[in-house]
Amino acid sequence: MLMVIFMLEIKNLTVKVKEKKILDNFSLTINEGEIHALMGQNGTGKSTLCRVIMHDDDYEVTSGEILYNGKDLTKMSTTNIAREKIFMLGQNPIAIEGVTNAEMLRTSLSEVAAEPINIFTFNQKMEEICRSLELPLDFIHREINVGMSGGERKKNELLHMWMLEPKLIFLDEVDSGLDVDALKIVAKSINDYYEKYKPMILIITHHNNLLEKIRPHKVDIIKNGTVIATGDYSLAKKVEKEGFKAFNISGLGNNE
Ligand code: ADP
Ligand code: MG
């Protein structure tokens with residue numbers, strides 16, 4: 001019998017966009033049940049990594065593999081990647097006019113469900129999640145991210161996450177633009193989700209405020225498209241105290 005090992009293995013990934021190399025021999029492994037944080041200066045390729053994982057056609061993988069439970073995501077369509085229960089919360093969540101949260105979520109869930117969606121339990125769950133995120137219940141029938149503030153968009157995307165129940169999650173600057181209260185709610189929501197489903201999570205952030213509430217198992221530092229340091233949570237504290245110059249390794253460029 002084939003044993004499936006639950007993990008994400010990004011191996012020697014090199015990615016170009018418009019002929020410019022962004023990720024360069026990037027490697028990262030997330031084991032089952034691990035929360036990772038990825039930190040690095042602006043423009044080092046963090047959001048690019050998320051887009052490549054979801055197979056955005058603008059990005060050309062020139063070498064390397066992204067293996068999720070043994071399947072190479074670089075060879076799969078975005079739809080099939082989503083069917084694997086992989087979820088990305090983008091740095092700037094886009095608004096989709098004319099489609100409500102409930103419509104999109106019901107459609108997505110019915111794509112993968114074995115049985116028809118029970119509208120009563122669906123609504124009940126939506127309400128419960130809205131309450132936990134301190135979102136008004138009318139968000140259930142709001143058009144996706146339309147007219148929502150930056151902070152509301154982040155919470156709205158977490159509402160999607162809770163409904164879709166992904167196993168591998170990318171949170172790209174989920175904390176940017178949040179006030180202190182919203183940051184607490186968002187951190188609690190992520191921690192509660194982790195406790196309930198034990199997914200693999202990659203958190204991209206510039207700030208230790210979120211990480212001290214979530215306590216990732218591992219922290220990776222990216223520079224010029226390559227992981228230059230890996231460690232435990234203490235690395236995030238080092239970034240906060242000393243900045244990225246603490247990781248100045250000769251030969252890896254200098255965009256300080
Ligand atoms: P960050 O680490 O801040 O998230 P990004 O991954 O967004 O960085 O971007 C890395 C570099 O790649 C930047 O120089 C950015 O301008 C460039 N880049 C990313 N996506 C595109 C694109 N679609 N077209 C042109 N340049 C891009
Ligand atoms: Mg980014």
# chains A, B, ... in the order shown; residues from 1 in each chain; ligands from 1
>>> residues_around(residues="Ile86 in chain A", least_positions_apart="2", cutoff="8 Å", atoms="only C-alpha atoms", output="mmCIF file with C-alpha atoms, in the first residue's frame")
data_model
loop_
_atom_site.group_PDB
_atom_site.id
_atom_site.type_symbol
_atom_site.label_atom_id
_atom_site.label_comp_id
_atom_site.auth_asym_id
_atom_site.auth_seq_id
_atom_site.Cartn_x
_atom_site.Cartn_y
_atom_site.Cartn_z
ATOM 1 C CA ILE A 81 -4.512 22.936 -6.682
ATOM 2 C CA ALA A 82 -7.541 24.405 -4.863
ATOM 3 C CA ARG A 83 -9.174 20.956 -4.920
ATOM 4 C CA GLU A 84 -6.159 19.681 -2.956
ATOM 5 C CA MET A 88 -3.901 31.471 -0.247
ATOM 6 C CA PRO A 166 -7.909 23.986 3.722
ATOM 7 C CA LYS A 167 -5.016 21.754 4.822
ATOM 8 C CA LEU A 168 -2.217 23.941 3.461
ATOM 9 C CA ILE A 169 -2.510 27.677 3.967
#
>>> residues_near_ligand(ligand="ligand 2", cutoff="7 Å", atoms="only C-alpha atoms and all ligand atoms", output="PyMOL selection string")
chain A and resi 42-43+45-47+91+172
>>> write_last_selection(atoms="N, CA, C and O atoms", output="PDB file, in the first residue's frame")
ATOM      1  N   ASN A  42      11.180  43.895   1.459  1.00  0.00           N
ATOM      2  CA  ASN A  42      10.269  44.095   0.332  1.00  0.00           C
ATOM      3  C   ASN A  42      10.956  43.676  -0.966  1.00  0.00           C
ATOM      4  O   ASN A  42      12.144  43.920  -1.154  1.00  0.00           O
ATOM      5  N   GLY A  43      10.189  43.050  -1.811  1.00  0.00           N
ATOM      6  CA  GLY A  43      10.701  42.730  -3.149  1.00  0.00           C
ATOM      7  C   GLY A  43      11.629  41.531  -3.221  1.00  0.00           C
ATOM      8  O   GLY A  43      12.331  41.342  -4.205  1.00  0.00           O
ATOM      9  N   GLY A  45      10.594  38.347  -3.090  1.00  0.00           N
ATOM     10  CA  GLY A  45       9.957  37.203  -3.746  1.00  0.00           C
ATOM     11  C   GLY A  45       8.966  36.427  -2.901  1.00  0.00           C
ATOM     12  O   GLY A  45       8.546  35.331  -3.281  1.00  0.00           O
ATOM     13  N   LYS A  46       8.527  36.982  -1.777  1.00  0.00           N
ATOM     14  CA  LYS A  46       7.611  36.262  -0.883  1.00  0.00           C
ATOM     15  C   LYS A  46       6.233  36.069  -1.531  1.00  0.00           C
ATOM     16  O   LYS A  46       5.695  34.963  -1.556  1.00  0.00           O
ATOM     17  N   SER A  47       5.679  37.170  -2.047  1.00  0.00           N
ATOM     18  CA  SER A  47       4.363  37.048  -2.685  1.00  0.00           C
ATOM     19  C   SER A  47       4.458  36.240  -3.982  1.00  0.00           C
ATOM     20  O   SER A  47       3.536  35.504  -4.333  1.00  0.00           O
ATOM     21  N   GLN A  91      -1.844  39.140  -0.424  1.00  0.00           N
ATOM     22  CA  GLN A  91      -1.424  40.379   0.241  1.00  0.00           C
ATOM     23  C   GLN A  91      -2.457  41.484   0.023  1.00  0.00           C
ATOM     24  O   GLN A  91      -2.738  42.264   0.920  1.00  0.00           O
ATOM     25  N   ASP A 172      -0.406  35.767   3.268  1.00  0.00           N
ATOM     26  CA  ASP A 172       0.557  36.762   2.802  1.00  0.00           C
ATOM     27  C   ASP A 172       0.235  38.126   3.419  1.00  0.00           C
ATOM     28  O   ASP A 172      -0.692  38.802   2.992  1.00  0.00           O
TER      29      ASP A 172
END
>>> residues_around(residues="Ile30 in chain A", least_positions_apart="3", cutoff="9 Å", atoms="only C-alpha atoms", output="list in words")
Met7, Leu8, Glu9, Ile10, Gly33, Glu34, Ile35, His36, Met200, Ile201, Leu202 and Lys218 of chain A
>>> residues_around(residues="Lys21 in chain A", least_positions_apart="4", cutoff="10 Å", atoms="only C-alpha atoms", output="PyMOL selection string")
chain A and resi 14-17+45+59-62+224-225
>>> write_last_selection(atoms="N, CA and C atoms", output="mmCIF file, in the first residue's frame")
data_model
loop_
_atom_site.group_PDB
_atom_site.id
_atom_site.type_symbol
_atom_site.label_atom_id
_atom_site.label_comp_id
_atom_site.auth_asym_id
_atom_site.auth_seq_id
_atom_site.Cartn_x
_atom_site.Cartn_y
_atom_site.Cartn_z
ATOM 1 N N THR A 14 13.340 27.818 -9.109
ATOM 2 C CA THR A 14 13.785 29.056 -9.751
ATOM 3 C C THR A 14 12.642 29.560 -10.619
ATOM 4 N N VAL A 15 12.310 30.833 -10.438
ATOM 5 C CA VAL A 15 11.132 31.397 -11.092
ATOM 6 C C VAL A 15 11.478 32.730 -11.739
ATOM 7 N N LYS A 16 10.969 32.886 -12.956
ATOM 8 C CA LYS A 16 11.196 34.150 -13.671
ATOM 9 C C LYS A 16 9.865 34.831 -13.916
ATOM 10 N N VAL A 17 9.866 36.157 -13.885
ATOM 11 C CA VAL A 17 8.713 36.892 -14.358
ATOM 12 C C VAL A 17 9.240 37.943 -15.327
ATOM 13 N N GLY A 45 10.594 38.347 -3.090
ATOM 14 C CA GLY A 45 9.957 37.203 -3.746
ATOM 15 C C GLY A 45 8.966 36.427 -2.901
ATOM 16 N N TYR A 59 4.045 33.659 -13.993
ATOM 17 C CA TYR A 59 5.327 33.262 -13.425
ATOM 18 C C TYR A 59 5.811 31.972 -14.074
ATOM 19 N N GLU A 60 7.059 32.019 -14.534
ATOM 20 C CA GLU A 60 7.610 30.857 -15.238
ATOM 21 C C GLU A 60 8.574 30.100 -14.328
ATOM 22 N N VAL A 61 8.236 28.842 -14.065
ATOM 23 C CA VAL A 61 9.127 28.003 -13.259
ATOM 24 C C VAL A 61 10.194 27.463 -14.204
ATOM 25 N N THR A 62 11.422 27.901 -14.029
ATOM 26 C CA THR A 62 12.469 27.443 -14.953
ATOM 27 C C THR A 62 13.173 26.193 -14.431
ATOM 28 N N ASN A 224 16.802 37.982 -1.742
ATOM 29 C CA ASN A 224 17.022 37.833 -3.188
ATOM 30 C C ASN A 224 16.534 36.478 -3.716
ATOM 31 N N GLY A 225 15.368 36.060 -3.254
ATOM 32 C CA GLY A 225 14.752 34.850 -3.793
ATOM 33 C C GLY A 225 15.297 33.541 -3.271
#
>>> closest_residue(among="A:Asn92, A:Thr79, A:Ser27, A:Ser63", to="ligand 1", atoms="only C-alpha atoms and all ligand atoms")
A:Asn92
>>> select_by_dssp(residues="range 25-193 of chain A", states="strand (DSSP E)", output="number ranges by chain")
A: 25-31, 35-39, 59-68, 71-72, 86-89, 96-100, 143-144, 168-172
>>> atom_distance(atom1="atom 7 (O, counted along the ligand's line) of ligand 1", atom2="CA of Asp192 in chain A")
28.4 Å
>>> atom_distance(atom1="CA of Asn156 in chain A", atom2="CA of Thr205 in chain A")
18.5 Å
>>> atom_distance(atom1="CA of Val239 in chain A", atom2="CA of Asp181 in chain A")
23.7 Å
>>> closest_residue(among="A:Gly147, A:Pro216, A:Gly90, A:Gly64", to="ligand 1", atoms="only C-alpha atoms and all ligand atoms")
A:Gly90
>>> closest_residue(among="A:Thr121, A:Ser108, A:Asn248, A:Thr226", to="ligand 1", atoms="only C-alpha atoms and all ligand atoms")
A:Thr226
>>> residues_around(residues="Asn123 in chain A", least_positions_apart="2", cutoff="12 Å", atoms="only C-alpha atoms", output="ChimeraX atom specification")
/A:101-103,105-106,117-121,125-130,137-141,163
>>> residues_around(residues="Ile144 in chain A", least_positions_apart="5", cutoff="6 Å", atoms="only C-alpha atoms", output="PyMOL selection string")
chain A and resi 95-96+100-101
>>> select_by_dssp(residues="range 5-244 of chain A", states="alpha helix (DSSP H)", output="JSON, numbers by chain")
{"A": [46, 47, 48, 49, 50, 51, 52, 53, 78, 79, 80, 81, 82, 83, 101, 102, 103, 104, 105, 106, 107, 108, 109, 110, 111, 112, 119, 120, 121, 122, 123, 124, 125, 126, 127, 128, 129, 130, 131, 132, 150, 151, 152, 153, 154, 155, 156, 157, 158, 159, 160, 161, 162, 163, 164, 180, 181, 182, 183, 184, 185, 186, 187, 188, 189, 190, 191, 192, 193, 194, 195, 196, 197, 208, 209, 210, 211, 212, 213, 214, 234, 235, 236, 237, 238, 239, 240, 241, 242]}
>>> closest_residue(among="A:Val99, A:Val52, A:Met161, A:Met76", to="ligand 1", atoms="only C-alpha atoms and all ligand atoms")
A:Val52
>>> residues_around(residues="Ile228 in chain A", least_positions_apart="2", cutoff="12 Å", atoms="only C-alpha atoms", output="ChimeraX atom specification")
/A:24-28,38-40,44,219-226,230-231,235,244,246-253
>>> closest_residue(among="A:Lys237, A:Asp179, A:Lys198, A:Ala187", to="Lys213 in chain A", atoms="only C-alpha atoms")
A:Ala187
